[in-house]
$ cat target_9.txt   # compact mmCIF, C-alpha atoms
# COMPACT_ATOMS: atom_id res chain seq x y z
CA MET V 250 -22.73 15.35 96.55
CA ASP V 251 -26.26 16.57 96.36
CA LEU V 252 -28.32 14.02 94.52
CA SER V 253 -31.64 15.65 95.14
CA GLY V 254 -33.68 16.54 92.12
CA ALA V 255 -33.46 20.29 92.64
CA ASN V 256 -29.87 20.46 91.52
CA LEU V 257 -30.09 17.79 88.92
CA ARG V 258 -28.77 19.11 85.66
CA LEU V 259 -28.34 17.15 82.52
CA ASP V 260 -25.87 15.01 84.37
CA SER V 261 -24.83 11.78 82.87
CA PHE V 262 -25.95 8.50 84.29
CA GLU V 263 -22.38 7.69 85.31
CA GLU V 264 -21.96 10.93 87.18
CA LEU V 265 -24.97 10.12 89.31
CA ALA V 266 -24.65 6.37 89.62
CA ILE V 267 -20.94 5.71 90.10
CA PRO V 268 -20.62 7.56 93.45
CA LEU V 269 -23.36 5.31 94.82
CA PHE V 270 -21.57 2.09 93.89
CA ASP V 271 -20.14 1.27 97.32
CA GLN V 272 -23.33 2.16 99.14
CA LEU V 273 -25.50 0.17 96.74
CA TYR V 274 -23.21 -2.81 97.13
CA ASN V 275 -23.34 -2.59 100.93
CA PHE V 276 -27.14 -2.40 100.85
CA ALA V 277 -27.34 -5.27 98.33
CA HIS V 278 -25.11 -7.45 100.51
CA TRP V 279 -27.26 -6.76 103.57
CA LEU V 280 -30.34 -7.78 101.59
CA THR V 281 -28.94 -10.87 99.93
CA GLN V 282 -26.55 -11.86 102.75
CA ASN V 283 -24.28 -13.30 100.09
CA ARG V 284 -21.37 -11.74 98.17
CA GLU V 285 -22.05 -13.28 94.76
CA GLU V 286 -25.74 -12.54 94.89
CA ALA V 287 -24.99 -8.97 95.97
CA GLU V 288 -22.68 -8.52 92.98
CA ASP V 289 -25.32 -9.89 90.61
CA LEU V 290 -27.93 -7.64 92.20
CA VAL V 291 -25.79 -4.51 91.85
CA GLN V 292 -24.91 -5.36 88.27
CA GLU V 293 -28.53 -5.97 87.35
CA THR V 294 -29.52 -2.75 89.07
CA TYR V 295 -27.03 -0.74 87.01
CA VAL V 296 -28.15 -2.37 83.76
CA LYS V 297 -31.82 -1.69 84.54
CA ALA V 298 -31.10 1.83 85.69
CA LEU V 299 -29.09 2.63 82.56
CA LYS V 300 -31.81 1.23 80.33
CA GLY V 301 -34.49 3.14 82.18
CA PHE V 302 -32.51 6.35 82.61
CA SER V 303 -34.50 8.06 79.88
CA SER V 304 -37.63 7.53 81.96
CA PHE V 305 -36.00 9.00 85.08
CA GLN V 306 -37.72 12.29 85.69
CA LEU V 307 -35.48 15.25 86.18
CA GLY V 308 -36.29 17.00 89.41
CA THR V 309 -36.87 13.76 91.28
CA ASN V 310 -34.47 12.00 93.58
CA PHE V 311 -31.94 9.83 91.75
CA ARG V 312 -30.69 8.06 94.88
CA ALA V 313 -34.20 6.98 95.89
CA TRP V 314 -34.85 5.96 92.27
CA ILE V 315 -31.83 3.66 91.94
CA TYR V 316 -32.30 2.20 95.43
CA ARG V 317 -35.89 1.43 94.48
CA ILE V 318 -34.67 -0.40 91.37
CA LEU V 319 -32.22 -2.40 93.48
CA ARG V 320 -34.84 -3.24 96.07
CA ASN V 321 -37.49 -4.23 93.52
CA THR V 322 -34.94 -6.36 91.69
CA PHE V 323 -34.11 -8.09 94.96
CA LEU V 324 -37.75 -8.61 95.92
CA THR V 325 -38.49 -10.26 92.59
CA SER V 326 -35.43 -12.52 92.80
CA ARG V 327 -35.74 -16.06 94.07
CA LYS V 328 -34.26 -15.16 97.44
CA GLY V 329 -36.34 -11.98 97.66
CA LEU V 330 -39.54 -13.89 97.02
CA LYS V 331 -38.54 -16.41 99.64
CA VAL V 332 -37.85 -13.85 102.35
CA THR V 333 -40.96 -11.82 101.66
CA MET V 334 -43.06 -14.92 102.12
CA THR V 335 -42.03 -14.84 105.77
CA VAL V 336 -42.92 -11.18 106.40
CA PRO V 337 -45.23 -10.88 109.41
CA LEU V 338 -48.77 -9.83 108.58
CA ASP V 339 -48.72 -7.07 111.18
CA LEU V 340 -45.59 -5.48 109.72
CA ASP V 341 -47.00 -1.97 109.58
CA LYS V 342 -49.51 -2.18 112.40
CA ASP V 343 -49.56 0.76 114.78
CA GLU V 344 -47.45 0.78 117.87
CA GLU V 345 -50.28 -0.68 119.91
CA GLY V 346 -49.10 -3.57 122.01
CA LEU V 347 -45.44 -2.79 121.63
CA GLU V 348 -43.30 -2.71 124.65
CA PRO V 349 -42.43 0.76 125.86
CA ALA V 350 -39.28 2.26 124.45
CA ILE V 351 -36.02 1.78 126.29
CA GLU V 352 -36.49 3.87 129.36
CA HIS V 353 -33.79 2.30 131.41
CA ASP V 354 -30.95 2.43 128.93
CA THR V 355 -27.90 4.15 130.11
CA PRO V 356 -24.88 5.38 128.25
CA GLU V 357 -22.88 2.53 129.78
CA THR V 358 -25.01 -0.18 128.24
CA LEU V 359 -24.95 1.46 124.89
CA LEU V 360 -21.25 2.09 124.98
CA LEU V 361 -21.06 -1.60 125.44
CA ALA V 362 -23.24 -2.10 122.38
CA ARG V 363 -21.01 0.20 120.40
CA SER V 364 -17.99 -1.85 121.26
CA ASN V 365 -19.70 -4.99 120.10
CA HIS V 366 -20.18 -4.59 116.37
CA GLU V 367 -20.46 -8.25 115.68
CA SER V 368 -23.44 -8.86 117.89
CA LEU V 369 -25.12 -5.74 116.53
CA GLN V 370 -24.46 -6.84 112.95
CA GLY V 371 -25.79 -10.26 113.84
CA ALA V 372 -28.93 -8.75 115.31
CA ILE V 373 -29.47 -6.59 112.20
CA ASP V 374 -28.89 -9.65 110.02
CA GLU V 375 -31.60 -11.52 111.86
CA LEU V 376 -34.20 -8.80 111.44
CA PRO V 377 -36.97 -9.48 108.92
CA VAL V 378 -35.90 -8.00 105.59
CA HIS V 379 -38.46 -5.14 105.72
CA PHE V 380 -37.12 -4.03 109.10
CA ARG V 381 -33.51 -4.51 108.07
CA GLU V 382 -33.83 -2.44 104.90
CA ILE V 383 -35.63 0.48 106.52
CA LEU V 384 -33.17 0.62 109.39
CA LEU V 385 -30.23 0.64 106.98
CA LEU V 386 -31.77 3.29 104.74
CA CYS V 387 -32.33 5.52 107.77
CA GLU V 388 -29.22 4.92 109.86
CA VAL V 389 -26.57 3.96 107.32
CA GLU V 390 -27.69 5.76 104.17
CA GLU V 391 -29.06 8.60 106.31
CA MET V 392 -32.05 9.01 104.03
CA SER V 393 -34.83 11.35 105.03
CA TYR V 394 -38.30 9.92 105.68
CA GLN V 395 -39.33 11.34 102.32
CA GLU V 396 -36.50 9.54 100.51
CA ILE V 397 -37.28 6.30 102.31
CA SER V 398 -40.91 6.72 101.39
CA GLU V 399 -39.93 7.08 97.71
CA THR V 400 -37.52 4.17 97.84
CA LEU V 401 -39.92 1.75 99.48
CA ALA V 402 -43.00 3.20 97.77
CA VAL V 403 -44.90 3.52 101.04
CA PRO V 404 -46.45 6.59 102.76
CA ILE V 405 -44.36 8.55 105.27
CA GLY V 406 -46.64 7.40 108.10
CA THR V 407 -45.74 3.81 107.25
CA VAL V 408 -42.06 4.74 107.18
CA MET V 409 -42.34 6.13 110.71
CA SER V 410 -44.25 3.21 112.16
CA ARG V 411 -42.15 0.56 110.41
CA LEU V 412 -38.95 2.26 111.50
CA SER V 413 -40.17 2.42 115.06
CA ARG V 414 -41.03 -1.28 115.02
CA ALA V 415 -37.69 -2.13 113.45
CA ARG V 416 -35.84 -0.27 116.19
CA GLN V 417 -37.92 -1.83 118.90
CA THR V 418 -37.34 -5.31 117.49
CA LEU V 419 -33.62 -4.66 117.31
CA ARG V 420 -33.52 -3.43 120.91
CA ASN V 421 -35.41 -6.49 122.05
CA ARG V 422 -32.95 -8.74 120.27
CA LEU V 423 -29.96 -6.89 121.65
CA ARG V 424 -31.26 -6.97 125.20
CA PRO V 425 -30.05 -10.49 126.14
CA ASN V 426 -26.62 -9.81 124.61
CA LEU V 427 -26.28 -6.56 126.45
CA GLN V 428 -27.41 -7.99 129.72
CA GLN V 429 -24.94 -10.80 129.30
CA GLY V 430 -22.19 -8.38 128.35
CA ALA V 431 -23.12 -6.01 131.13
CA GLY V 432 -22.83 -8.86 133.59
CA LEU V 433 -19.26 -9.34 132.52
CA ARG V 434 -18.18 -5.77 132.28
CA ILE V 435 -20.20 -3.80 134.74
CA ALA V 436 -19.98 -4.38 138.45
CA ARG V 437 -22.62 -6.68 139.76
CA GLY V 438 -25.56 -5.09 141.53
CA THR V 439 -26.07 -2.29 139.03
CA ASN V 440 -29.34 -2.18 137.16
CA HIS V 441 -28.11 -1.17 133.74
CA GLY V 442 -29.47 -3.95 131.53
CA LEU V 443 -31.69 -3.06 128.59
CA MET S 246 -45.49 8.46 132.36
CA VAL S 247 -45.48 12.24 132.21
CA CYS S 248 -43.02 12.09 129.32
CA GLU S 249 -44.84 9.42 127.33
CA SER S 250 -45.98 11.79 124.59
CA TRP S 251 -42.48 13.29 124.31
CA LYS S 252 -40.83 9.89 124.18
CA ALA S 253 -43.16 8.77 121.43
CA GLN S 254 -41.60 11.44 119.24
CA LEU S 255 -38.04 11.00 120.38
CA ASP S 256 -36.95 8.99 117.33
CA THR S 257 -38.52 11.50 114.96
CA TYR S 258 -36.70 14.26 116.84
CA LEU S 259 -33.36 12.44 116.65
CA ASP S 260 -33.88 11.62 112.97
CA GLY S 261 -34.19 15.36 112.37
CA GLU S 262 -37.72 14.96 111.06
CA LEU S 263 -39.66 16.90 113.68
CA PRO S 264 -41.51 19.89 112.22
CA GLN S 265 -39.70 23.17 112.78
CA GLU S 266 -42.51 24.58 114.92
CA GLU S 267 -42.25 21.70 117.42
CA LEU S 268 -38.48 21.59 117.49
CA ARG S 269 -37.86 24.40 119.96
CA SER S 270 -40.25 23.16 122.62
CA PHE S 271 -38.98 19.59 122.18
CA ASP S 272 -35.38 20.76 122.49
CA SER S 273 -36.16 22.64 125.63
CA HIS S 274 -37.99 19.69 127.18
CA VAL S 275 -35.23 17.18 126.41
CA ARG S 276 -32.59 19.50 127.91
CA ASN S 277 -34.52 19.88 131.14
CA CYS S 278 -35.91 16.37 131.60
CA PRO S 279 -33.34 13.89 132.96
CA SER S 280 -35.38 10.87 131.89
CA CYS S 281 -35.87 12.09 128.30
CA SER S 282 -32.29 13.29 127.95
CA ALA S 283 -30.95 9.91 129.14
CA ASP S 284 -33.29 8.16 126.73
CA ALA S 285 -32.25 10.49 123.89
CA LEU S 286 -28.59 9.85 124.63
CA SER S 287 -29.10 6.09 124.58
CA ARG S 288 -30.94 6.27 121.29
CA VAL S 289 -28.26 8.46 119.75
CA GLN S 290 -25.63 5.96 120.87
CA LEU S 291 -27.60 3.14 119.27
CA LYS S 292 -28.08 5.16 116.06
CA ARG S 293 -24.33 5.72 115.89
CA ALA S 294 -23.64 2.07 116.59
CA ILE S 295 -25.99 0.99 113.78
CA HIS S 296 -24.47 3.57 111.47
CA MET S 297 -21.00 2.13 112.03
CA ALA S 298 -22.02 -1.52 112.09
CA GLY S 299 -24.15 -1.03 108.98
CA LYS S 300 -21.19 -0.03 106.86
CA ARG S 301 -20.14 -3.61 106.79
CA PHE S 302 -19.65 -4.74 103.23
CA THR S 303 -17.35 -3.41 100.55
CA PRO S 304 -17.22 -4.58 96.96
CA SER S 305 -14.25 -6.75 96.06
CA ALA S 306 -11.50 -5.20 93.95
CA GLU S 307 -12.35 -7.64 91.19
CA PHE S 308 -16.01 -6.68 91.13
CA ARG S 309 -15.18 -2.98 91.22
CA LYS S 310 -12.80 -3.44 88.29
CA ARG S 311 -15.40 -5.39 86.34
CA MET S 312 -18.01 -2.70 86.85
CA GLN S 313 -15.56 0.05 85.95
CA GLN S 314 -14.73 -1.76 82.75
CA ASN S 315 -18.40 -2.00 81.93
CA MET S 316 -19.01 1.65 82.61
CA ALA S 317 -15.88 3.02 80.90
CA PRO S 318 -13.56 0.68 79.06
CA LYS S 319 -9.86 0.53 79.80
CA PRO S 320 -7.46 1.37 76.97
CA ARG S 321 -5.97 -2.14 76.76
CA ARG S 322 -9.36 -3.74 76.53
CA ARG S 323 -10.37 -1.19 73.97
CA PHE S 324 -7.38 -2.07 71.85
CA ARG S 325 -8.28 -5.72 71.99
CA LEU S 326 -11.91 -5.03 71.19
CA GLU S 327 -10.89 -2.74 68.34
CA TRP S 328 -8.74 -5.46 66.90
CA MET S 329 -11.57 -7.96 67.24
CA LEU S 330 -13.97 -5.46 65.79
CA ALA S 331 -11.67 -4.74 62.87
CA SER S 332 -11.36 -8.50 62.25
CA ALA S 333 -15.12 -8.93 62.50
CA ALA S 334 -15.63 -6.00 60.15
CA ALA S 335 -13.09 -7.47 57.73
CA VAL S 336 -14.95 -10.78 57.80
CA LEU S 337 -18.20 -8.97 57.21
CA LEU S 338 -16.65 -7.13 54.30
CA VAL S 339 -15.35 -10.36 52.80
CA VAL S 340 -18.74 -11.97 53.24
CA GLY S 341 -20.36 -8.85 51.82
CA THR S 342 -18.01 -8.81 48.85
CA LEU S 343 -18.48 -12.50 48.14
CA THR S 344 -22.24 -12.15 48.41
CA SER S 345 -22.09 -9.22 46.06
CA THR S 346 -19.95 -11.14 43.57
CA TYR S 347 -22.22 -14.15 43.61
CA LEU S 348 -25.39 -12.25 43.26
CA GLY S 349 -23.86 -9.85 40.82
CA ASN S 350 -27.08 -7.97 40.30
CA ARG S 351 -27.12 -5.79 43.36
CA SER S 352 -26.55 -2.18 42.82
CA GLY S 353 -23.88 -0.42 44.94
CA ARG S 354 -26.58 1.44 46.78
CA ASP S 355 -28.47 -1.67 47.77
CA GLN S 356 -25.25 -3.27 48.87
CA VAL S 357 -24.48 -0.37 51.19
CA PHE S 358 -27.94 -0.49 52.72
CA SER S 359 -27.69 -4.22 53.14
CA GLU S 360 -24.29 -3.92 54.81
CA ILE S 361 -25.60 -1.24 57.13
CA ALA S 362 -28.45 -3.53 58.13
CA ASP S 363 -25.96 -6.39 58.57
CA LEU S 364 -23.75 -4.25 60.79
CA HIS S 365 -26.77 -3.26 62.87
CA VAL S 366 -27.88 -6.88 63.36
CA ALA S 367 -24.38 -8.28 63.89
CA THR S 368 -23.64 -5.65 66.52
CA LEU S 369 -26.82 -6.22 68.48
CA ALA S 370 -26.20 -9.96 68.39
CA SER S 371 -22.74 -9.45 69.84
CA SER S 372 -22.15 -10.05 73.55
CA SER S 373 -20.53 -6.60 73.78
CA PRO S 374 -22.46 -4.39 71.38
CA VAL S 375 -20.70 -1.21 72.44
CA ASP S 376 -17.08 -0.41 73.29
CA VAL S 377 -17.92 2.72 75.19
CA ILE S 378 -20.92 2.29 77.45
CA SER S 379 -22.38 5.63 78.30
CA SER S 380 -25.58 7.60 78.21
CA ASP S 381 -23.56 10.79 78.09
CA ARG S 382 -22.81 12.28 74.71
CA HIS S 383 -19.92 14.17 76.32
CA THR S 384 -18.31 10.82 77.11
CA VAL S 385 -19.11 9.07 73.86
CA LYS S 386 -18.07 11.83 71.47
CA PRO S 387 -14.53 12.28 72.86
CA TRP S 388 -14.09 8.52 72.86
CA PHE S 389 -14.02 8.59 69.05
CA GLN S 390 -11.16 11.13 69.00
CA GLY S 391 -8.13 9.53 67.35
CA ARG S 392 -10.16 6.52 66.30
CA ILE S 393 -11.95 7.98 63.30
CA PRO S 394 -10.63 10.69 60.97
CA PHE S 395 -13.49 13.16 61.53
CA ALA S 396 -15.59 14.72 64.29
CA PHE S 397 -19.36 14.88 64.56
CA ASN S 398 -21.98 16.18 66.96
CA LEU S 399 -24.37 14.11 69.02
CA PRO S 400 -27.85 15.46 69.65
CA GLU S 401 -29.33 16.54 72.96
CA LEU S 402 -31.87 13.90 74.03
CA GLN S 403 -33.61 15.66 76.84
CA ASN S 404 -37.41 15.41 76.58
CA SER S 405 -37.13 12.70 73.95
CA ASP S 406 -37.80 8.96 74.14
CA PHE S 407 -34.30 8.17 72.99
CA SER S 408 -31.43 7.26 75.23
CA LEU S 409 -27.85 6.73 74.21
CA LEU S 410 -26.48 3.30 75.15
CA GLY S 411 -22.97 3.75 73.80
CA GLY S 412 -20.81 3.56 70.71
CA ARG S 413 -18.18 1.62 68.81
CA MET S 414 -15.99 1.94 65.74
CA THR S 415 -17.20 0.39 62.55
CA TYR S 416 -16.20 -0.02 58.89
CA LEU S 417 -18.26 0.27 55.73
CA GLU S 418 -16.67 -0.30 52.34
CA GLN S 419 -13.27 -0.15 54.09
CA THR S 420 -14.11 3.27 55.48
CA PRO S 421 -13.87 3.79 59.24
CA GLY S 422 -16.87 5.32 60.93
CA ALA S 423 -18.80 5.74 64.14
CA HIS S 424 -21.59 3.42 65.22
CA LEU S 425 -23.90 4.69 67.96
CA ILE S 426 -26.66 2.68 69.58
CA TYR S 427 -29.81 4.25 70.96
CA ASP S 428 -32.68 2.81 72.90
CA GLU S 429 -36.21 3.88 72.20
CA ARG S 430 -38.98 2.07 74.07
CA LYS S 431 -37.02 -1.19 73.98
CA HIS S 432 -36.15 -0.82 70.28
CA HIS S 433 -32.48 -0.52 69.50
CA ILE S 434 -31.62 1.95 66.81
CA SER S 435 -28.19 2.26 65.19
CA VAL S 436 -26.78 5.49 63.87
CA PHE S 437 -23.76 5.23 61.56
CA VAL S 438 -21.60 8.19 60.58
CA PHE S 439 -18.99 8.06 57.77
CA GLN S 440 -17.07 10.55 55.65
CA GLU S 441 -19.08 10.96 52.46
CA GLN S 442 -16.02 11.31 50.23
CA SER S 443 -14.52 8.06 51.50
CA LEU S 444 -17.54 5.93 50.59
CA PRO S 445 -17.18 4.45 47.09
CA SER S 446 -20.94 4.19 46.56
CA LYS S 447 -22.80 7.36 45.78
CA LEU S 448 -25.98 7.65 47.74
CA SER S 449 -28.94 9.97 47.74
CA ASP S 450 -30.81 11.16 50.82
CA ASN S 451 -33.70 8.85 51.54
CA ALA S 452 -36.05 7.35 54.05
CA LEU S 453 -36.55 3.76 53.01
CA GLN S 454 -37.22 0.23 53.96
CA PRO S 455 -34.40 -1.74 52.38
CA GLY S 456 -35.34 -4.80 50.44
CA LYS S 457 -36.83 -7.72 52.27
CA LEU S 458 -35.47 -6.65 55.64
CA SER S 459 -38.00 -5.47 58.15
CA PHE S 460 -35.91 -2.49 59.21
CA ASN S 461 -36.57 1.12 58.61
CA MET S 462 -33.69 3.22 57.49
CA GLU S 463 -32.96 6.84 56.76
CA THR S 464 -29.82 8.30 55.26
CA TRP S 465 -28.62 11.78 54.45
CA SER S 466 -25.46 13.76 53.93
CA LYS S 467 -24.55 16.91 55.78
CA GLY S 468 -21.28 18.74 56.31
CA GLY S 469 -19.33 16.13 54.36
CA LEU S 470 -20.62 13.30 56.54
CA ARG S 471 -22.99 10.51 55.56
CA TYR S 472 -25.47 9.44 58.24
CA PHE S 473 -27.54 6.26 58.43
CA VAL S 474 -30.24 5.61 61.01
CA VAL S 475 -31.50 2.02 61.06
CA GLY S 476 -33.61 -0.10 63.35
CA ASP S 477 -36.80 -2.05 63.81
CA ALA S 478 -38.53 1.00 65.29
CA SER S 479 -41.28 2.68 63.27
CA ALA S 480 -40.37 4.88 60.34
CA ALA S 481 -41.65 7.87 62.32
CA ASP S 482 -39.32 7.10 65.21
CA ILE S 483 -36.37 6.63 62.87
CA ASP S 484 -37.24 9.98 61.33
CA ARG S 485 -37.44 11.68 64.75
CA LEU S 486 -33.96 10.48 65.67
CA ALA S 487 -32.69 11.50 62.23
CA LYS S 488 -34.12 14.98 62.75
CA LEU S 489 -32.36 15.28 66.11
CA PHE S 490 -29.08 14.44 64.39
CA LYS S 491 -29.77 16.85 61.55
CA ALA S 492 -30.43 19.61 64.04
CA ALA S 493 -27.22 18.85 65.95
CA SER S 494 -24.91 18.65 62.94

$ encode --input "target_9.txt" --output "structure tokens"
Amino acid sequence: MDLSGANLRLDSFEELAIPLFDQLYNFAHWLTQNREEAEDLVQETYVKALKGFSSFQLGTNFRAWIYRILRNTFLTSRKGLKVTMTVPLDLDKDEEGLEPAIEHDTPETLLLARSNHESLQGAIDELPVHFREILLLCEVEEMSYQEISETLAVPIGTVMSRLSRARQTLRNRLRPNLQQGAGLRIARGTNHGL
Amino acid sequence: MVCESWKAQLDTYLDGELPQEELRSFDSHVRNCPSCSADALSRVQLKRAIHMAGKRFTPSAEFRKRMQQNMAPKPRRRFRLEWMLASAAAVLLVVGTLTSTYLGNRSGRDQVFSEIADLHVATLASSSPVDVISSDRHTVKPWFQGRIPFAFNLPELQNSDFSLLGGRMTYLEQTPGAHLIYDERKHHISVFVFQEQSLPSKLSDNALQPGKLSFNMETWSKGGLRYFVVGDASAADIDRLAKLFKAAS
């Protein structure tokens, strides 16, 4: 379903919002890390979105709009305020000082990662919320940089740098797991760790 | 080191965000550079892994059902709500009748306006003000089919400040009718539609502020139907919504 503004007719709120229910819930649960809070967050998002639907501008992106409502609602909740207090100050700093990207990854190590959902989910869970949300919007929701920029209300340059830092942080956190896993699965003596 | 500048853009390339003019040369480089192609493959694998791992949570059946009920009511629930609504309306009518008897000096017209205002307030005070929750007139209008003995048109709200919140059945002087609730800059406005011939009180078309209540109200008759628009919005806003209805009917 194309939810971009170009094809937006006088569609009803339900027509646009209901297909996003499962995705919004998944995103809400990742943010809140709690089922009940995720349900409350989704419900509040729908109520706010319905109330504000008259202010939604035709021709703009509905998906980004409702995700932004959900995210803002989360950030102003008690838990949201708590997690944002722990956001690192250099969240959107340039890549300077970052370790080089994974140059020694091999398909074997990543096949291993693929088979280990739980450790990957754990690593995503442990990411700071601003890294977690951008990674999920890009990789799970498959939003374009433009959509992410609208959802998070940040410039595209920030989307790119924050995404890069989120990926790098995730790789760093996966590295010990993968090395440990590789030690078990891959013959000793190979140099396939992350 | 040679590939550093390419690798810096590898994620953008894999996210499909590289400008078209750079895509061909990037493609060609990645295909011919073992280091970059291995790196690209690893990153793609990780992207896929995150994609799969990220689809982790699904709403419970109970929550899904609750939300569905909120968005579009189930028939059984509707029946129950209708019954409750009918009872509530009957109570309101009894109260209205008793009030009218005791006061004795209210004209039929004033009584109707007062009851309309009462219905508006009582509905907004209710925990479930609408039985059909929808911003879509094409959902709300058919909902009334078989519930009220007439049909009516809902206006197009595009480019207006009004948004439809939903509707419910209502009764006025033992006459069934439609009650629609609109939102306008945080003001809730009710629109009531009844069959003119079924209403015992004869009314004239008016824009008025009834009695001591701080509501604005407008009423008119068109096509055999009697319309009331009431709310705490300004008289001009009430009139704008009334005009939209007049144009649609």

$ atom_distance --input "target_9.txt" --atom1 "CA of Thr322 (chain V)" --atom2 "CA of Leu290 (chain V)"
7.1 Å

$ closest_atom_pairs --input "target_9.txt" --of "region 428-492 of chain S" --to "region 369-385 of chain S" --cutoff "10 Å" --atoms "only C-alpha atoms" --output "tab-separated table"
residue	atom	partner	partner_atom	distance
S:His433	CA	S:Leu369	CA	8.1
S:Ile434	CA	S:Leu369	CA	9.6
S:Ser435	CA	S:Leu369	CA	9.2

$ closest_atom_pairs --input "target_9.txt" --of "chain S" --to "chain V" --cutoff "7 Å" --atoms "all atoms listed in the file" --output "Markdown table"
| residue | atom | partner | partner_atom | distance |
| --- | --- | --- | --- | --- |
| S:Ala283 | CA | V:Thr355 | CA | 6.6 |
| S:Asp284 | CA | V:Glu352 | CA | 6.0 |
| S:Leu286 | CA | V:Pro356 | CA | 6.8 |
| S:Ser287 | CA | V:Pro356 | CA | 5.6 |
| S:Gln290 | CA | V:Leu359 | CA | 6.1 |
| S:Leu291 | CA | V:Leu359 | CA | 6.4 |
| S:Lys292 | CA | V:Glu388 | CA | 6.3 |
| S:Ala294 | CA | V:Arg363 | CA | 5.0 |
| S:Ile295 | CA | V:Glu388 | CA | 6.4 |
| S:His296 | CA | V:Val389 | CA | 4.7 |
| S:Ala298 | CA | V:His366 | CA | 5.6 |
| S:Gly299 | CA | V:Val389 | CA | 5.8 |
| S:Lys300 | CA | V:Val389 | CA | 6.7 |
| S:Arg301 | CA | V:Asn275 | CA | 6.8 |
| S:Phe302 | CA | V:Asn275 | CA | 4.9 |
| S:Thr303 | CA | V:Asn275 | CA | 6.1 |
| S:Pro304 | CA | V:Tyr274 | CA | 6.2 |
| S:Ser380 | CA | V:Phe262 | CA | 6.2 |
| S:Asp381 | CA | V:Ser261 | CA | 5.0 |
| S:Asp406 | CA | V:Ser303 | CA | 6.7 |
| S:Phe407 | CA | V:Ser303 | CA | 6.9 |
| S:Ser408 | CA | V:Ser303 | CA | 5.6 |

$ atom_distance --input "target_9.txt" --atom1 "CA of Met334 (chain V)" --atom2 "CA of Glu375 (chain V)"
15.4 Å

$ atom_distance --input "target_9.txt" --atom1 "CA of Leu448 (chain S)" --atom2 "CA of Tyr427 (chain S)"
23.8 Å

$ residues_around --input "target_9.txt" --residues "region 461-478 of chain S" --least-positions-apart "3" --cutoff "10 Å" --atoms "only C-alpha atoms" --output "VMD selection string"
chain S and resid 358 361 to 362 364 to 366 395 to 397 422 to 444 448 to 455 458 481 to 484 486 to 487 490 to 491 494

$ residues_around --input "target_9.txt" --residues "region 250-265 of chain S" --least-positions-apart "3" --cutoff "7 Å" --atoms "only C-alpha atoms" --output "list of chain:residue names"
S:Leu268, S:Cys281, S:Ala285

$ build_atoms --input "target_9.txt" --residues "region 309-320 of chain V" --atoms "N, CA and C atoms" --output "PDB file, in the coordinates of the input"
ATOM      1  N   THR V 309     -36.570  14.736  90.219  1.00  0.00           N
ATOM      2  CA  THR V 309     -36.870  13.760  91.280  1.00  0.00           C
ATOM      3  C   THR V 309     -35.552  13.220  91.820  1.00  0.00           C
ATOM      4  N   ASN V 310     -35.665  12.415  92.840  1.00  0.00           N
ATOM      5  CA  ASN V 310     -34.470  12.000  93.580  1.00  0.00           C
ATOM      6  C   ASN V 310     -33.823  10.760  92.956  1.00  0.00           C
ATOM      7  N   PHE V 311     -32.613  10.942  92.433  1.00  0.00           N
ATOM      8  CA  PHE V 311     -31.940   9.830  91.750  1.00  0.00           C
ATOM      9  C   PHE V 311     -31.589   8.707  92.717  1.00  0.00           C
ATOM     10  N   ARG V 312     -31.106   9.082  93.918  1.00  0.00           N
ATOM     11  CA  ARG V 312     -30.690   8.060  94.880  1.00  0.00           C
ATOM     12  C   ARG V 312     -31.873   7.155  95.246  1.00  0.00           C
ATOM     13  N   ALA V 313     -33.012   7.776  95.546  1.00  0.00           N
ATOM     14  CA  ALA V 313     -34.200   6.980  95.890  1.00  0.00           C
ATOM     15  C   ALA V 313     -34.600   6.108  94.694  1.00  0.00           C
ATOM     16  N   TRP V 314     -34.453   6.681  93.491  1.00  0.00           N
ATOM     17  CA  TRP V 314     -34.850   5.960  92.270  1.00  0.00           C
ATOM     18  C   TRP V 314     -34.009   4.704  92.077  1.00  0.00           C
ATOM     19  N   ILE V 315     -32.692   4.828  92.205  1.00  0.00           N
ATOM     20  CA  ILE V 315     -31.830   3.660  91.940  1.00  0.00           C
ATOM     21  C   ILE V 315     -31.914   2.648  93.089  1.00  0.00           C
ATOM     22  N   TYR V 316     -32.103   3.126  94.315  1.00  0.00           N
ATOM     23  CA  TYR V 316     -32.300   2.200  95.430  1.00  0.00           C
ATOM     24  C   TYR V 316     -33.611   1.427  95.244  1.00  0.00           C
ATOM     25  N   ARG V 317     -34.609   2.110  94.706  1.00  0.00           N
ATOM     26  CA  ARG V 317     -35.890   1.430  94.480  1.00  0.00           C
ATOM     27  C   ARG V 317     -35.725   0.321  93.438  1.00  0.00           C
ATOM     28  N   ILE V 318     -34.930   0.621  92.397  1.00  0.00           N
ATOM     29  CA  ILE V 318     -34.670  -0.400  91.370  1.00  0.00           C
ATOM     30  C   ILE V 318     -33.974  -1.605  92.011  1.00  0.00           C
ATOM     31  N   LEU V 319     -32.968  -1.305  92.836  1.00  0.00           N
ATOM     32  CA  LEU V 319     -32.220  -2.400  93.480  1.00  0.00           C
ATOM     33  C   LEU V 319     -33.158  -3.233  94.358  1.00  0.00           C
ATOM     34  N   ARG V 320     -33.944  -2.538  95.140  1.00  0.00           N
ATOM     35  CA  ARG V 320     -34.840  -3.240  96.070  1.00  0.00           C
ATOM     36  C   ARG V 320     -35.876  -4.074  95.316  1.00  0.00           C
TER      37      ARG V 320
END
